[in-house]
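Printed here is entry.pdb (PDB, C-alpha atoms, pLDDT in the B column):
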```pdb
ATOM      1  CA  ASN A   1      53.089-120.083  70.389  1.00 63.00           C
ATOM      2  CA  ALA A   2      52.873-116.311  70.679  1.00 77.00           C
ATOM      3  CA  GLY A   3      56.599-115.814  69.935  1.00 92.00           C
ATOM      4  CA  VAL A   4      57.875-112.368  70.925  1.00 95.00           C
ATOM      5  CA  THR A   5      55.207-110.029  72.276  1.00 95.00           C
ATOM      6  CA  GLN A   6      55.740-106.292  72.658  1.00 96.00           C
ATOM      7  CA  THR A   7      53.474-103.796  74.370  1.00 96.00           C
ATOM      8  CA  PRO A   8      52.318-101.152  73.785  1.00 96.00           C
ATOM      9  CA  LYS A   9      52.174-100.878  69.986  1.00 94.00           C
ATOM     10  CA  PHE A  10      51.986 -97.081  70.059  1.00 96.00           C
ATOM     11  CA  GLN A  11      52.946 -94.540  72.711  1.00 96.00           C
ATOM     12  CA  VAL A  12      53.176 -90.757  72.878  1.00 97.00           C
ATOM     13  CA  LEU A  13      55.235 -89.188  75.660  1.00 96.00           C
ATOM     14  CA  LYS A  14      56.119 -85.687  76.712  1.00 97.00           C
ATOM     15  CA  THR A  15      59.753 -84.759  77.165  1.00 97.00           C
ATOM     16  CA  GLY A  16      60.947 -85.816  80.607  1.00 97.00           C
ATOM     17  CA  GLN A  17      58.339 -88.530  81.152  1.00 97.00           C
ATOM     18  CA  SER A  18      59.375 -92.072  81.929  1.00 96.00           C
ATOM     19  CA  MET A  19      57.954 -95.322  80.659  1.00 95.00           C
ATOM     20  CA  THR A  20      58.702 -98.994  80.191  1.00 97.00           C
ATOM     21  CA  LEU A  21      58.397-100.906  76.938  1.00 98.00           C
ATOM     22  CA  GLN A  22      57.484-104.493  77.627  1.00 97.00           C
ATOM     23  CA  CYS A  23      58.858-107.535  75.850  1.00 97.00           C
ATOM     24  CA  ALA A  24      58.046-111.169  76.539  1.00 97.00           C
ATOM     25  CA  GLN A  25      58.919-114.385  74.730  1.00 96.00           C
ATOM     26  CA  ASP A  26      57.520-117.873  75.274  1.00 95.00           C
ATOM     27  CA  MET A  27      60.170-119.860  73.402  1.00 93.00           C
ATOM     28  CA  ASN A  28      62.578-120.303  76.336  1.00 92.00           C
ATOM     29  CA  HIS A  29      65.167-118.249  74.488  1.00 92.00           C
ATOM     30  CA  GLU A  30      68.369-117.415  76.312  1.00 91.00           C
ATOM     31  CA  TYR A  31      69.257-114.324  74.287  1.00 91.00           C
ATOM     32  CA  MET A  32      67.085-111.191  74.126  1.00 93.00           C
ATOM     33  CA  SER A  33      67.808-107.769  72.705  1.00 94.00           C
ATOM     34  CA  TRP A  34      66.361-104.338  71.962  1.00 96.00           C
ATOM     35  CA  TYR A  35      66.857-102.457  68.687  1.00 95.00           C
ATOM     36  CA  ARG A  36      65.664 -99.089  67.538  1.00 96.00           C
ATOM     37  CA  GLN A  37      64.773 -98.399  63.914  1.00 92.00           C
ATOM     38  CA  ASP A  38      65.145 -94.906  62.501  1.00 91.00           C
ATOM     39  CA  PRO A  39      64.545 -93.783  58.895  1.00 84.00           C
ATOM     40  CA  GLY A  40      67.671 -94.174  56.804  1.00 80.00           C
ATOM     41  CA  MET A  41      69.579 -95.731  59.722  1.00 83.00           C
ATOM     42  CA  GLY A  42      68.552 -99.363  59.700  1.00 84.00           C
ATOM     43  CA  LEU A  43      68.344-101.032  63.104  1.00 90.00           C
ATOM     44  CA  ARG A  44      70.759-100.301  65.930  1.00 92.00           C
ATOM     45  CA  LEU A  45      71.310-102.389  69.041  1.00 91.00           C
ATOM     46  CA  ILE A  46      70.442-100.706  72.352  1.00 95.00           C
ATOM     47  CA  HIS A  47      70.922-103.420  75.002  1.00 94.00           C
ATOM     48  CA  TYR A  48      70.987-107.176  75.097  1.00 92.00           C
ATOM     49  CA  SER A  49      70.869-110.028  77.582  1.00 92.00           C
ATOM     50  CA  VAL A  50      72.417-113.484  77.377  1.00 89.00           C
ATOM     51  CA  GLY A  51      70.378-114.884  80.258  1.00 90.00           C
ATOM     52  CA  ALA A  52      68.508-114.002  83.432  1.00 91.00           C
ATOM     53  CA  GLY A  53      70.508-111.525  85.498  1.00 92.00           C
ATOM     54  CA  ILE A  54      72.975-110.736  82.678  1.00 91.00           C
ATOM     55  CA  THR A  55      72.719-107.634  80.506  1.00 92.00           C
ATOM     56  CA  ASP A  56      75.124-105.569  78.446  1.00 91.00           C
ATOM     57  CA  GLN A  57      75.150-102.432  76.309  1.00 91.00           C
ATOM     58  CA  GLY A  58      74.867-102.299  72.564  1.00 89.00           C
ATOM     59  CA  GLU A  59      75.683 -99.543  70.098  1.00 88.00           C
ATOM     60  CA  VAL A  60      73.251 -96.860  71.405  1.00 94.00           C
ATOM     61  CA  PRO A  61      72.550 -97.496  75.133  1.00 95.00           C
ATOM     62  CA  ASN A  62      72.403 -93.923  76.460  1.00 95.00           C
ATOM     63  CA  GLY A  63      69.034 -92.971  77.949  1.00 96.00           C
ATOM     64  CA  TYR A  64      67.843 -96.568  78.309  1.00 97.00           C
ATOM     65  CA  ASN A  65      67.956 -99.098  81.125  1.00 97.00           C
ATOM     66  CA  VAL A  66      67.209-102.814  81.051  1.00 97.00           C
ATOM     67  CA  SER A  67      66.977-105.715  83.467  1.00 96.00           C
ATOM     68  CA  ARG A  68      66.400-109.449  83.039  1.00 96.00           C
ATOM     69  CA  SER A  69      64.863-111.003  86.118  1.00 96.00           C
ATOM     70  CA  THR A  70      63.275-113.926  84.259  1.00 96.00           C
ATOM     71  CA  THR A  71      64.035-115.824  81.063  1.00 94.00           C
ATOM     72  CA  GLU A  72      60.752-114.660  79.524  1.00 96.00           C
ATOM     73  CA  ASP A  73      60.802-110.891  80.095  1.00 97.00           C
ATOM     74  CA  PHE A  74      63.169-108.121  79.017  1.00 98.00           C
ATOM     75  CA  PRO A  75      61.685-104.647  79.632  1.00 98.00           C
ATOM     76  CA  LEU A  76      63.270-101.469  78.268  1.00 98.00           C
ATOM     77  CA  ARG A  77      63.025 -98.365  80.465  1.00 98.00           C
ATOM     78  CA  LEU A  78      63.227 -94.769  79.364  1.00 96.00           C
ATOM     79  CA  LEU A  79      63.962 -92.766  82.521  1.00 92.00           C
ATOM     80  CA  SER A  80      63.517 -89.267  81.069  1.00 96.00           C
ATOM     81  CA  ALA A  81      62.252 -89.295  77.501  1.00 96.00           C
ATOM     82  CA  ALA A  82      63.795 -86.982  74.920  1.00 97.00           C
ATOM     83  CA  PRO A  83      62.637 -86.146  71.362  1.00 96.00           C
ATOM     84  CA  SER A  84      65.744 -87.944  70.049  1.00 96.00           C
ATOM     85  CA  GLN A  85      64.214 -91.172  71.367  1.00 97.00           C
ATOM     86  CA  THR A  86      61.308 -90.941  68.922  1.00 97.00           C
ATOM     87  CA  SER A  87      61.689 -94.189  67.017  1.00 97.00           C
ATOM     88  CA  VAL A  88      60.296 -97.651  66.415  1.00 95.00           C
ATOM     89  CA  TYR A  89      61.575-100.143  68.974  1.00 97.00           C
ATOM     90  CA  PHE A  90      61.931-103.861  68.312  1.00 95.00           C
ATOM     91  CA  CYS A  91      62.578-106.608  70.790  1.00 96.00           C
ATOM     92  CA  ALA A  92      64.230-109.748  69.459  1.00 94.00           C
ATOM     93  CA  SER A  93      65.230-113.113  70.885  1.00 93.00           C
ATOM     94  CA  SER A  94      67.137-116.207  69.893  1.00 91.00           C
ATOM     95  CA  PHE A  95      67.794-119.630  71.351  1.00 87.00           C
ATOM     96  CA  ASP A  96      71.340-118.795  72.339  1.00 77.00           C
ATOM     97  CA  ARG A  97      74.030-116.258  71.756  1.00 74.00           C
ATOM     98  CA  GLY A  98      75.563-117.963  68.751  1.00 70.00           C
ATOM     99  CA  LEU A  99      76.712-116.004  65.753  1.00 69.00           C
ATOM    100  CA  ASN A 100      74.594-118.072  63.402  1.00 70.00           C
ATOM    101  CA  GLU A 101      71.369-117.829  65.314  1.00 80.00           C
ATOM    102  CA  LYS A 102      68.109-116.671  63.790  1.00 86.00           C
ATOM    103  CA  LEU A 103      66.557-113.723  65.613  1.00 90.00           C
ATOM    104  CA  PHE A 104      62.810-113.686  66.261  1.00 92.00           C
ATOM    105  CA  PHE A 105      61.399-110.158  66.298  1.00 94.00           C
ATOM    106  CA  GLY A 106      58.344-108.673  67.950  1.00 95.00           C
ATOM    107  CA  SER A 107      56.008-106.445  65.944  1.00 92.00           C
ATOM    108  CA  GLY A 108      57.443-103.239  67.362  1.00 94.00           C
ATOM    109  CA  THR A 109      56.511-100.240  69.507  1.00 96.00           C
ATOM    110  CA  GLN A 110      56.179 -96.874  67.777  1.00 95.00           C
ATOM    111  CA  LEU A 111      57.209 -94.181  70.274  1.00 97.00           C
ATOM    112  CA  SER A 112      56.813 -90.433  69.799  1.00 97.00           C
ATOM    113  CA  VAL A 113      58.346 -87.987  72.276  1.00 97.00           C
ATOM    114  CA  LEU A 114      56.991 -84.466  72.030  1.00 96.00           C
TER
ATOM    115  CA  GLY B 115      84.213-101.461  62.905  1.00 81.00           C
ATOM    116  CA  ASN B 116      82.033-103.879  61.010  1.00 86.00           C
ATOM    117  CA  SER B 117      79.477-102.428  58.640  1.00 91.00           C
ATOM    118  CA  VAL B 118      76.931-103.312  55.971  1.00 95.00           C
ATOM    119  CA  THR B 119      76.130-101.254  52.878  1.00 95.00           C
ATOM    120  CA  GLN B 120      72.996-101.822  50.838  1.00 94.00           C
ATOM    121  CA  MET B 121      71.848-100.264  47.608  1.00 88.00           C
ATOM    122  CA  GLU B 122      69.607 -97.255  48.050  1.00 81.00           C
ATOM    123  CA  GLY B 123      65.931 -97.695  47.358  1.00 85.00           C
ATOM    124  CA  PRO B 124      63.183 -97.656  46.611  1.00 93.00           C
ATOM    125  CA  VAL B 125      63.275-100.396  44.012  1.00 96.00           C
ATOM    126  CA  THR B 126      60.158-100.457  41.848  1.00 97.00           C
ATOM    127  CA  LEU B 127      59.477-103.489  39.662  1.00 97.00           C
ATOM    128  CA  SER B 128      56.674-105.048  37.690  1.00 97.00           C
ATOM    129  CA  GLU B 129      55.431-108.482  38.616  1.00 97.00           C
ATOM    130  CA  GLU B 130      57.621-111.318  37.248  1.00 97.00           C
ATOM    131  CA  ALA B 131      60.667-109.050  36.876  1.00 97.00           C
ATOM    132  CA  PHE B 132      64.121-110.114  38.068  1.00 98.00           C
ATOM    133  CA  LEU B 133      65.283-108.682  41.386  1.00 97.00           C
ATOM    134  CA  THR B 134      68.766-107.893  42.631  1.00 97.00           C
ATOM    135  CA  ILE B 135      69.455-105.994  45.833  1.00 97.00           C
ATOM    136  CA  ASN B 136      73.159-105.376  46.363  1.00 97.00           C
ATOM    137  CA  CYS B 137      74.805-105.817  49.749  1.00 97.00           C
ATOM    138  CA  THR B 138      78.475-105.474  50.640  1.00 97.00           C
ATOM    139  CA  TYR B 139      80.096-105.733  54.037  1.00 96.00           C
ATOM    140  CA  THR B 140      83.205-104.803  55.971  1.00 94.00           C
ATOM    141  CA  ALA B 141      84.205-107.170  58.717  1.00 90.00           C
ATOM    142  CA  THR B 142      87.116-108.612  60.593  1.00 84.00           C
ATOM    143  CA  GLY B 143      87.046-112.367  60.716  1.00 79.00           C
ATOM    144  CA  TYR B 144      84.315-114.436  59.122  1.00 82.00           C
ATOM    145  CA  PRO B 145      80.850-113.242  60.048  1.00 89.00           C
ATOM    146  CA  SER B 146      77.600-114.982  59.240  1.00 91.00           C
ATOM    147  CA  LEU B 147      75.437-113.067  56.770  1.00 94.00           C
ATOM    148  CA  PHE B 148      71.685-112.670  56.756  1.00 95.00           C
ATOM    149  CA  TRP B 149      68.795-111.200  54.822  1.00 97.00           C
ATOM    150  CA  TYR B 150      65.785-110.133  56.863  1.00 96.00           C
ATOM    151  CA  VAL B 151      62.462-108.927  55.437  1.00 96.00           C
ATOM    152  CA  GLN B 152      59.986-106.522  57.031  1.00 93.00           C
ATOM    153  CA  TYR B 153      56.417-106.482  55.739  1.00 93.00           C
ATOM    154  CA  PRO B 154      54.322-103.374  56.444  1.00 88.00           C
ATOM    155  CA  GLY B 155      53.416-103.019  60.106  1.00 84.00           C
ATOM    156  CA  GLU B 156      55.366-106.094  61.164  1.00 86.00           C
ATOM    157  CA  GLY B 157      58.666-106.990  62.751  1.00 88.00           C
ATOM    158  CA  LEU B 158      61.594-108.389  60.827  1.00 91.00           C
ATOM    159  CA  GLN B 159      61.662-112.022  59.716  1.00 94.00           C
ATOM    160  CA  LEU B 160      64.679-114.038  58.687  1.00 94.00           C
ATOM    161  CA  LEU B 161      64.587-114.654  54.937  1.00 97.00           C
ATOM    162  CA  LEU B 162      67.852-116.550  54.485  1.00 97.00           C
ATOM    163  CA  LYS B 163      71.368-116.836  55.845  1.00 95.00           C
ATOM    164  CA  ALA B 164      74.843-118.094  54.987  1.00 95.00           C
ATOM    165  CA  THR B 165      77.481-118.947  57.547  1.00 91.00           C
ATOM    166  CA  LYS B 166      80.668-119.377  55.500  1.00 90.00           C
ATOM    167  CA  ALA B 167      82.248-118.383  52.222  1.00 92.00           C
ATOM    168  CA  ASP B 168      80.583-119.773  49.064  1.00 95.00           C
ATOM    169  CA  ASP B 169      77.481-120.841  51.000  1.00 95.00           C
ATOM    170  CA  LYS B 170      74.223-120.101  49.216  1.00 97.00           C
ATOM    171  CA  GLY B 171      71.186-119.262  51.317  1.00 96.00           C
ATOM    172  CA  SER B 172      67.768-119.694  49.741  1.00 97.00           C
ATOM    173  CA  ASN B 173      64.127-119.390  50.734  1.00 97.00           C
ATOM    174  CA  LYS B 174      60.809-118.596  48.990  1.00 95.00           C
ATOM    175  CA  GLY B 175      62.575-118.206  45.624  1.00 97.00           C
ATOM    176  CA  PHE B 176      65.132-115.751  47.012  1.00 98.00           C
ATOM    177  CA  GLU B 177      68.810-116.625  47.108  1.00 98.00           C
ATOM    178  CA  ALA B 178      72.110-115.028  48.057  1.00 98.00           C
ATOM    179  CA  THR B 179      75.702-116.311  47.914  1.00 98.00           C
ATOM    180  CA  TYR B 180      78.378-115.449  50.480  1.00 96.00           C
ATOM    181  CA  ARG B 181      81.245-114.065  48.377  1.00 96.00           C
ATOM    182  CA  LYS B 182      84.325-113.551  50.515  1.00 93.00           C
ATOM    183  CA  GLU B 183      86.502-112.316  47.641  1.00 93.00           C
ATOM    184  CA  THR B 184      84.110-109.436  46.874  1.00 95.00           C
ATOM    185  CA  THR B 185      82.720-109.144  50.450  1.00 95.00           C
ATOM    186  CA  SER B 186      79.219-109.307  49.030  1.00 97.00           C
ATOM    187  CA  PHE B 187      75.904-111.024  49.735  1.00 98.00           C
ATOM    188  CA  HIS B 188      73.550-109.859  46.988  1.00 98.00           C
ATOM    189  CA  LEU B 189      69.887-110.876  47.169  1.00 98.00           C
ATOM    190  CA  GLU B 190      68.252-112.199  43.980  1.00 98.00           C
ATOM    191  CA  LYS B 191      64.895-113.528  42.868  1.00 98.00           C
ATOM    192  CA  GLY B 192      64.047-114.610  39.374  1.00 97.00           C
ATOM    193  CA  SER B 193      60.403-113.536  39.292  1.00 96.00           C
ATOM    194  CA  VAL B 194      58.992-111.178  41.918  1.00 97.00           C
ATOM    195  CA  GLN B 195      55.382-111.066  43.039  1.00 97.00           C
ATOM    196  CA  VAL B 196      53.274-108.257  44.461  1.00 96.00           C
ATOM    197  CA  SER B 197      53.420-110.044  47.806  1.00 96.00           C
ATOM    198  CA  ASP B 198      57.215-109.543  47.870  1.00 97.00           C
ATOM    199  CA  SER B 199      56.727-105.804  48.438  1.00 97.00           C
ATOM    200  CA  ALA B 200      58.553-105.105  51.694  1.00 96.00           C
ATOM    201  CA  VAL B 201      61.732-103.672  53.166  1.00 94.00           C
ATOM    202  CA  TYR B 202      64.787-105.921  52.904  1.00 96.00           C
ATOM    203  CA  PHE B 203      67.706-105.711  55.341  1.00 95.00           C
ATOM    204  CA  CYS B 204      71.140-107.210  54.892  1.00 96.00           C
ATOM    205  CA  ALA B 205      72.949-107.969  58.151  1.00 94.00           C
ATOM    206  CA  LEU B 206      76.056-109.585  59.599  1.00 92.00           C
ATOM    207  CA  SER B 207      76.658-111.000  63.039  1.00 88.00           C
ATOM    208  CA  GLU B 208      79.542-110.020  65.257  1.00 79.00           C
ATOM    209  CA  ARG B 209      80.684-110.550  68.818  1.00 73.00           C
ATOM    210  CA  SER B 210      79.416-107.860  71.192  1.00 66.00           C
ATOM    211  CA  GLY B 211      80.676-107.178  74.684  1.00 64.00           C
ATOM    212  CA  GLN B 212      81.998-110.044  76.749  1.00 61.00           C
ATOM    213  CA  ALA B 213      79.625-112.765  75.782  1.00 59.00           C
ATOM    214  CA  GLY B 214      77.004-111.533  73.416  1.00 68.00           C
ATOM    215  CA  THR B 215      76.463-111.186  69.722  1.00 74.00           C
ATOM    216  CA  ALA B 216      74.851-108.453  67.710  1.00 80.00           C
ATOM    217  CA  LEU B 217      73.485-108.058  64.243  1.00 86.00           C
ATOM    218  CA  ILE B 218      74.836-105.140  62.238  1.00 89.00           C
ATOM    219  CA  PHE B 219      72.121-104.076  59.797  1.00 92.00           C
ATOM    220  CA  GLY B 220      72.218-102.205  56.553  1.00 93.00           C
ATOM    221  CA  LYS B 221      69.837 -99.283  56.150  1.00 92.00           C
ATOM    222  CA  GLY B 222      67.246-101.343  54.322  1.00 93.00           C
ATOM    223  CA  THR B 223      65.971-101.360  50.749  1.00 95.00           C
ATOM    224  CA  THR B 224      62.293-100.836  50.007  1.00 94.00           C
ATOM    225  CA  LEU B 225      60.906-103.024  47.237  1.00 97.00           C
ATOM    226  CA  SER B 226      57.602-102.165  45.571  1.00 96.00           C
ATOM    227  CA  VAL B 227      56.142-104.615  43.056  1.00 97.00           C
ATOM    228  CA  SER B 228      53.182-103.657  40.888  1.00 96.00           C
ATOM    229  CA  SER B 229      50.870-105.958  38.936  1.00 93.00           C
TER
END
```

Output the file's structure as structure tokens, nothing else.
Amino acid sequence: NAGVTQTPKFQVLKTGQSMTLQCAQDMNHEYMSWYRQDPGMGLRLIHYSVGAGITDQGEVPNGYNVSRSTTEDFPLRLLSAAPSQTSVYFCASSFDRGLNEKLFFGSGTQLSVL
Amino acid sequence: GNSVTQMEGPVTLSEEAFLTINCTYTATGYPSLFWYVQYPGEGLQLLLKATKADDKGSNKGFEATYRKETTSFHLEKGSVQVSDSAVYFCALSERSGQAGTALIFGKGTTLSVSS
């Protein structure tokens, strides 16, 4: 199994550009989420989904949109990139929304906004 | 709100040394506690977890005990190896929104082991 696959691995944007970070999982997981990782900040939750058609905001949702049209895919959209969105982005999934569930992480997308 | 505090790094050790990485938490209720590890260039992987007070999680020689009285979940290993060099994150789970859950992460502790 591929697990959680993120593309691209690296991306450079100019301020104001838009782009979509892709995330796909092949484990039939119900729960998917996006985190951003910044130096000295740990990981912070951006958005999450508990199933197809259901999404909700996390701790730092501003500037990001998500949708969940299928169980497998959970893309993260930046509508107008800002330098403050320079970060490493991780997609993660788990079998269900339980508090004890193990999260499976993708290998990350390193985004730079100039 | 809920939070996790980890000891500042980096932690630099020689091979076969004893490792402790401190983690304390603030939470309402009874969260599950986790240690995740991130090797260079990779995503995070679950190392171990504990779901209730006095539980001990263990994996690959690492262990941590859920201490409710001290709100702590310290990570220990008796003899580290060079291959243990990585960033270690302590985390707790909490309810988020109407139906979701979220992991609250500490800032991470970088471990560097030399031979």

**Message:** What's around Ser228 in chain B at 8 Å? Count only C-alpha atoms, leave out sequence neighbours fewer than 5 positions away in its own chain, and write the answer as a ChimeraX atom specification.
**Reply:** /B:126-129,196

How about saving the chosen residues, C-alpha atoms kept, as a compact mmCIF listing (two decimals), in the frame of the given file?
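Resulting contents of out_6.txt:
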```txt
# COMPACT_ATOMS: atom_id res chain seq x y z
CA THR B 126 60.16 -100.46 41.85
CA LEU B 127 59.48 -103.49 39.66
CA SER B 128 56.67 -105.05 37.69
CA GLU B 129 55.43 -108.48 38.62
CA VAL B 196 53.27 -108.26 44.46
```

**Message:** When you look at range 81-91 of chain A with a cut-off of 9 Å (counting all atoms listed in the file), what residues show up, excluding the ones that are within fewer than 6 positions of it in the same chain? I need them as an MDAnalysis selection string.
**Reply:** (chainID A and resid 4:6 13:19 21:24 32:39 43 63 74 104:114) or (chainID B and resid 157:158)

**Request:** Please write as a ChimeraX atom specification the full residue list that the ChimeraX specification (/B :<8) & /A yields on this file.
**Result:** /A:40-45,48-50,56-58,90,97-100,102-108

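Each of A:Gln25, A:Ser94, A:Ser80, A:Thr7 was compared to Asn65 in chain A using all atoms listed in the file, and A:Ser80 turns out to be the nearest.
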
**Message:** Give me, as a PyMOL selection string, all polymer residues having an atom no more than 12 Å from Val227 in chain B, counting all atoms listed in the file and skipping those fewer than 5 positions away in the same chain.
**Reply:** chain B and resi 124-133+193-201

Deliver the residues from the most recent selection as a file, using C-alpha atoms, as a CSV table (one decimal), in the coordinates of the input.
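The resulting file, out39.csv, is shown below:
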```csv
chain,number,residue,atom,x,y,z
B,124,PRO,CA,63.2,-97.7,46.6
B,125,VAL,CA,63.3,-100.4,44.0
B,126,THR,CA,60.2,-100.5,41.8
B,127,LEU,CA,59.5,-103.5,39.7
B,128,SER,CA,56.7,-105.0,37.7
B,129,GLU,CA,55.4,-108.5,38.6
B,130,GLU,CA,57.6,-111.3,37.2
B,131,ALA,CA,60.7,-109.0,36.9
B,132,PHE,CA,64.1,-110.1,38.1
B,133,LEU,CA,65.3,-108.7,41.4
B,193,SER,CA,60.4,-113.5,39.3
B,194,VAL,CA,59.0,-111.2,41.9
B,195,GLN,CA,55.4,-111.1,43.0
B,196,VAL,CA,53.3,-108.3,44.5
B,197,SER,CA,53.4,-110.0,47.8
B,198,ASP,CA,57.2,-109.5,47.9
B,199,SER,CA,56.7,-105.8,48.4
B,200,ALA,CA,58.6,-105.1,51.7
B,201,VAL,CA,61.7,-103.7,53.2
```

**Prompt:** Can you tell me, as a ChimeraX atom specification, what residues are no more than 6 Å from Cys137 in chain B when counting only C-alpha atoms, ignoring any on the same chain fewer than 3 positions away?
**Reply:** /B:119-120,186-188

Take every atom of range 195-212 of chain B listed in the file, pad by 4 Å on each side, and give me the axis-aligned box centre and edge lengths in Å, one decimal, as JSON.
```
{"center_x": 67.6, "center_y": -107.4, "center_z": 59.9, "size_x": 36.7, "size_y": 15.4, "size_z": 41.7}
```

**Request:** For Asn116 in chain B, please output as a ChimeraX atom specification all residues within 7 Å (counting only C-alpha atoms; exclusion window: fewer than 4 positions along the same chain).
**Result:** /B:140-142

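Distance-wise, CA of Met121 in chain B and CA of Glu59 in chain A end up 22.8 Å apart.
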
**Residue IDs satisfying the PyMOL selection byres ((chain A and resi 69) around 7), as an MDAnalysis selection string** = chainID A and resid 52:53 67:68 70

Output file for the residues above (C-alpha atoms, as a PDB file, in the coordinates of the input):
```
ATOM      1  CA  ALA A  52      68.508-114.002  83.432  1.00 91.00           C
ATOM      2  CA  GLY A  53      70.508-111.525  85.498  1.00 92.00           C
ATOM      3  CA  SER A  67      66.977-105.715  83.467  1.00 96.00           C
ATOM      4  CA  ARG A  68      66.400-109.449  83.039  1.00 96.00           C
ATOM      5  CA  THR A  70      63.275-113.926  84.259  1.00 96.00           C
TER       6      THR A  70
END
```

**Item:** CA of Ser226 in chain B to CA of Thr138 in chain B, straight-line distance in Å
**Value:**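 Calculated distance between CA of Thr138 in chain B and CA of Ser226 in chain B is 21.7 Å.
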
**Complete:** CA of Val66 in chain A to CA of Trp149 in chain B measures 27.6 Å

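Distance check against Leu76 in chain A using all atoms listed in the file: of A:Val12, A:Ile46, A:Asp26, A:Ser93, the minimum falls on A:Ile46.
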
**Request:** Select, from A:Leu78, A:Ala2, A:Thr71, A:Gln11, the residue with the minimum atom-to-atom distance to Thr55 in chain A, counting all atoms listed in the file.
**Result:**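 For Thr55 in chain A, the nearest of the given residues is A:Thr71.
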
**Request:** Could you give me, as a PyMOL selection string, the residues that have an atom at most 7 Å away from the point (66.9, -111.2, 40.9) in the coordinates of the file, using all atoms listed in the file?
**Result:** chain B and resi 132-134+189-192
